[in-house]
There are 2 protein chains.
Amino acid sequence: MSKRIAGPEIERLIQLLAKVPGLGPRSARRAALYLIKKKEALLIPLGSAMQDAADKVRICSTCGNVDTSDPCMICTDPRRERATLIVVEDVSDLWALERAGSMNVRYHVLGGRLSPLDGIGPDDLNIMTLVGRVAEGEIKEVILAVNATVEGQTTAHYITDQLAGLDVRITRLAHGVPVGGELDYLDEGTLTAALRARTTL
Amino acid sequence: MSKRIAGPEIERLIQLLAKVPGLGPRSARRAALYLIKKKEALLIPLGSAMQDAADKVRICSTCGNVDTSDPCMICTDPRRERATLIVVEDVSDLWALERAGSMNVRYHVLGGRLSPLDGIGPDDLNIMTLVGRVAEGEIKEVILAVNATVEGQTTAHYITDQLAGLDVRITRLAHGVPVGGELDYLDEGTLTAALRARTTL
C-alpha cells in the first residue's frame with residue numbers, strides 16, 4: 001500500500017505473504033488481518049510450522065523428493081513395488097501422482113526439464129543418478145511421466161537415449177481425452193492422439 | 001491429501017496453509033512446495049515475520065485498530081485532523097479507506113455490526129468507547145462508514161441514537177454508481193439512490 005498504516009512487523013508480514021503463490025498484494029492484506037485475528041489458533045502455529053519445516057526439510061539423495069528425512073518416506077516404504085520407477089520433472093508432479101494413488105511405486109525427480117533457451121542442460125537435472133539407479137538392475141520399467149510439452153518430450157528422448165544400453169522397459173503416459181473432459185474444448189493434437197489410441201469397448 | 005506423502009512437519013505446514021483465506025487445500029500444497037524451495041528467501045523470513053507479528057500486535061485501546069503499538073500509529077499521528085472521525089465495522093474497512101487515502105482523519109473500529117440473529121448486541125461492539133470519544137467534545141463530525149447492508153444500517157441507526165445528545169454532525173457514505181461501474185450490472189436500489197442523489201454537471 002502506498003501509505004504506511006500499521007507497524008513494521010505487520011507491513012513485513014503483508015509483504016512476505018504477497019510472495020506466496022495464490023496470494024497477491026490484496027489477498028495478502030486480507031490474509032494478514034485474518035491471521036492476526038486468529039493469533040493463537042493460526043498465526044502462531046503457522047509461524048512455528050514454517051520454522052519446523054525449514055529446520056527439518058531435506059532433499060532425498062536417492063530420488064530428489066522433498067521430505068523431512070533422507071532417504072524420503074517413499075524411498076524407504078517397504079510396501080512399494082521396486083521394479084517400476086516413475087520419472088517426474090518436479091516434486092509437485094510426484095505429489096499429483098500420489099494423490100491419484102493408482103500405483104504403489106517409487107519415483108525419480110529430475111528437478112526440471114531440458115531447456116537450452118533457459119540454459120538448462122543434462123547436468124542441471126538428476127539424470128546421471130537416474131541412470132545409476134536403473135543400472136543397479138532391480139528396476140524393470142521406467143515410466144517417463146514428464147509434461148506433454150516440447151521441453152518435456154525432449155527430456156524424455158534424452159533419458160531414453162541414456163538408458164538405451166540397460167535392460168529396462170521405458171514407457172510414457174498415454175495421451176487422450178481427460179476424464180470428464182469435453183471434446184469441444186480439446187486441442188487438435190489431443191483429439192488426434194485420442195483417436196489414434198482408441199480402444200475397443 | 002488422503003495418503004501421507006511427506007514427513008509430519010510438511011503435512012502440518014500444508015494443513016495450516018490451507019486455513020489461510022485465499023488458499024485452499026490444493027493451493028496450500030503448491031504454496032508449501034514453493035516455500036520449501038525458497039527456504040532462505042521466503043520460508044524462514046515468513047515464519048519469523050509471523051512470530052514477530054504475533055509478539056508485537058496490539059489492539060488500539062483508543063480506536064480498536066490492529067497495530068504494533070497502543071495507541072496505534074493512526075491515533076498518534078499528529079498530522080491527522082482531529083475534528084472528524086470515521087466509524088467502520090472492521091479493521092479491513094479502515095485499511096480500505098486508508099488505501100483510498102482521500103481523508104487524513106482518525107477512525108473508530110466497531111469490531112462488527114449489530115446482528116441479533118448471531119447474538120451480537122451493542123455490548124459486543126466498541127460503541128460505548130465511541131460515545132466516550134465523541135463526548136470529549138473535540139470531534140465535530142462522525143462519518144458512519146458501515147457496510148450498506150441491513151445489519152450495517154441497523155448499526156448506523158443505533159449509533160445515531162446513542163450520539164443524539166451530543167454536539168456532533170453525523171454523516172454516512174453516499175450511495176451511487178461505483179466509479180467505472182456499468183449501469184447494466186447494478187441493482188435497482190443503487191440506481192434509485194444514484195438518481196435521487198443526482199448532481200448538476
# chains A, B, ... in the order shown; residues from 1 in each chain; ligands from 1
>>> residues_around(residues="Glu136 (chain B)", least_positions_apart="5", cutoff="12 Å", atoms="only C-alpha atoms", output="count of residues only")
8
>>> residues_around(residues="region 27-44 of chain B", least_positions_apart="5", cutoff="12 Å", atoms="only C-alpha atoms", output="compact mmCIF listing (two decimals) with C-alpha atoms, in the first residue's frame")
# COMPACT_ATOMS: atom_id res chain seq x y z
CA ARG A 12 6.54 -7.02 6.62
CA LEU A 13 4.08 -9.85 7.16
CA GLN A 15 4.87 -8.03 2.02
CA LEU A 16 6.06 -11.60 2.53
CA LEU A 17 2.56 -13.11 2.30
CA ALA A 18 2.15 -11.36 -1.06
CA LYS A 19 5.01 -13.52 -2.41
CA VAL A 20 3.20 -16.79 -1.62
CA PRO A 21 1.74 -18.28 -4.81
CA GLY A 22 -2.04 -17.94 -4.77
CA LEU A 23 -1.91 -14.68 -2.80
CA LEU A 46 1.72 -21.41 11.23
CA GLY A 47 4.81 -19.40 12.12
CA SER A 48 6.25 -22.29 14.10
CA ALA A 49 5.22 -24.83 11.44
CA MET A 50 7.23 -22.80 8.94
CA GLN A 51 10.28 -22.79 11.15
CA ASP A 52 9.92 -26.53 11.84
CA ALA A 53 9.61 -27.26 8.14
CA ALA A 54 12.62 -25.07 7.38
CA ASP A 55 14.66 -26.90 10.03
CA LYS A 56 13.65 -30.40 9.00
CA VAL A 57 13.24 -30.34 5.25
CA ARG A 58 15.69 -32.43 3.19
CA ILE A 59 16.14 -33.34 -0.47
CA ASN A 65 11.93 -35.76 -3.50
CA VAL A 66 11.39 -33.19 -0.74
CA ASP A 67 10.78 -34.65 2.71
CA THR A 68 11.88 -34.41 6.32
CA ASP A 90 9.11 -31.81 -10.29
CA VAL A 91 8.06 -32.75 -6.74
CA SER A 92 4.63 -31.25 -7.47
CA ASP A 93 4.16 -33.89 -10.21
CA LEU A 94 5.14 -36.61 -7.72
CA TRP A 95 2.53 -35.27 -5.28
CA ALA A 96 -0.11 -35.19 -8.03
CA ARG A 99 -2.89 -38.14 -4.91
CA GLY A 111 14.30 -31.23 -10.84
CA MET B 1 -4.37 -35.50 0.88
CA ILE B 5 3.40 -38.50 1.22
CA ALA B 6 5.77 -36.39 3.29
CA GLU B 9 6.30 -31.12 9.50
CA ILE B 10 5.45 -30.72 5.80
CA GLU B 11 1.94 -32.17 6.24
CA ARG B 12 1.31 -29.77 9.13
CA LEU B 13 2.55 -26.81 7.08
CA ILE B 14 0.13 -27.74 4.27
CA GLN B 15 -2.78 -28.18 6.71
CA LEU B 16 -2.23 -24.77 8.30
CA LEU B 17 -1.64 -23.00 4.98
CA ALA B 18 -4.99 -24.39 3.77
CA LYS B 19 -6.70 -22.34 6.52
CA VAL B 20 -5.32 -19.03 5.19
CA PRO B 21 -8.05 -17.13 3.32
CA GLY B 22 -7.29 -17.17 -0.40
CA ALA B 49 7.67 -12.42 10.41
CA MET B 50 4.66 -14.36 11.71
CA GLN B 51 6.23 -14.82 15.11
>>> select_by_dssp(residues="region 22-198 of chain B", states="helix (DSSP H, G or I)", output="PyMOL selection string")
chain B and resi 25-37+39-56+91-100+116-118+122-124+128-135+150-162+183-185+188-196
>>> residues_around(residues="region 140-151 of chain A", least_positions_apart="4", cutoff="10 Å", atoms="only C-alpha atoms", output="PyMOL selection string")
chain A and resi 82-90+93-94+97+107-110+112-116+130+134+155-157+159-160+163+166-175
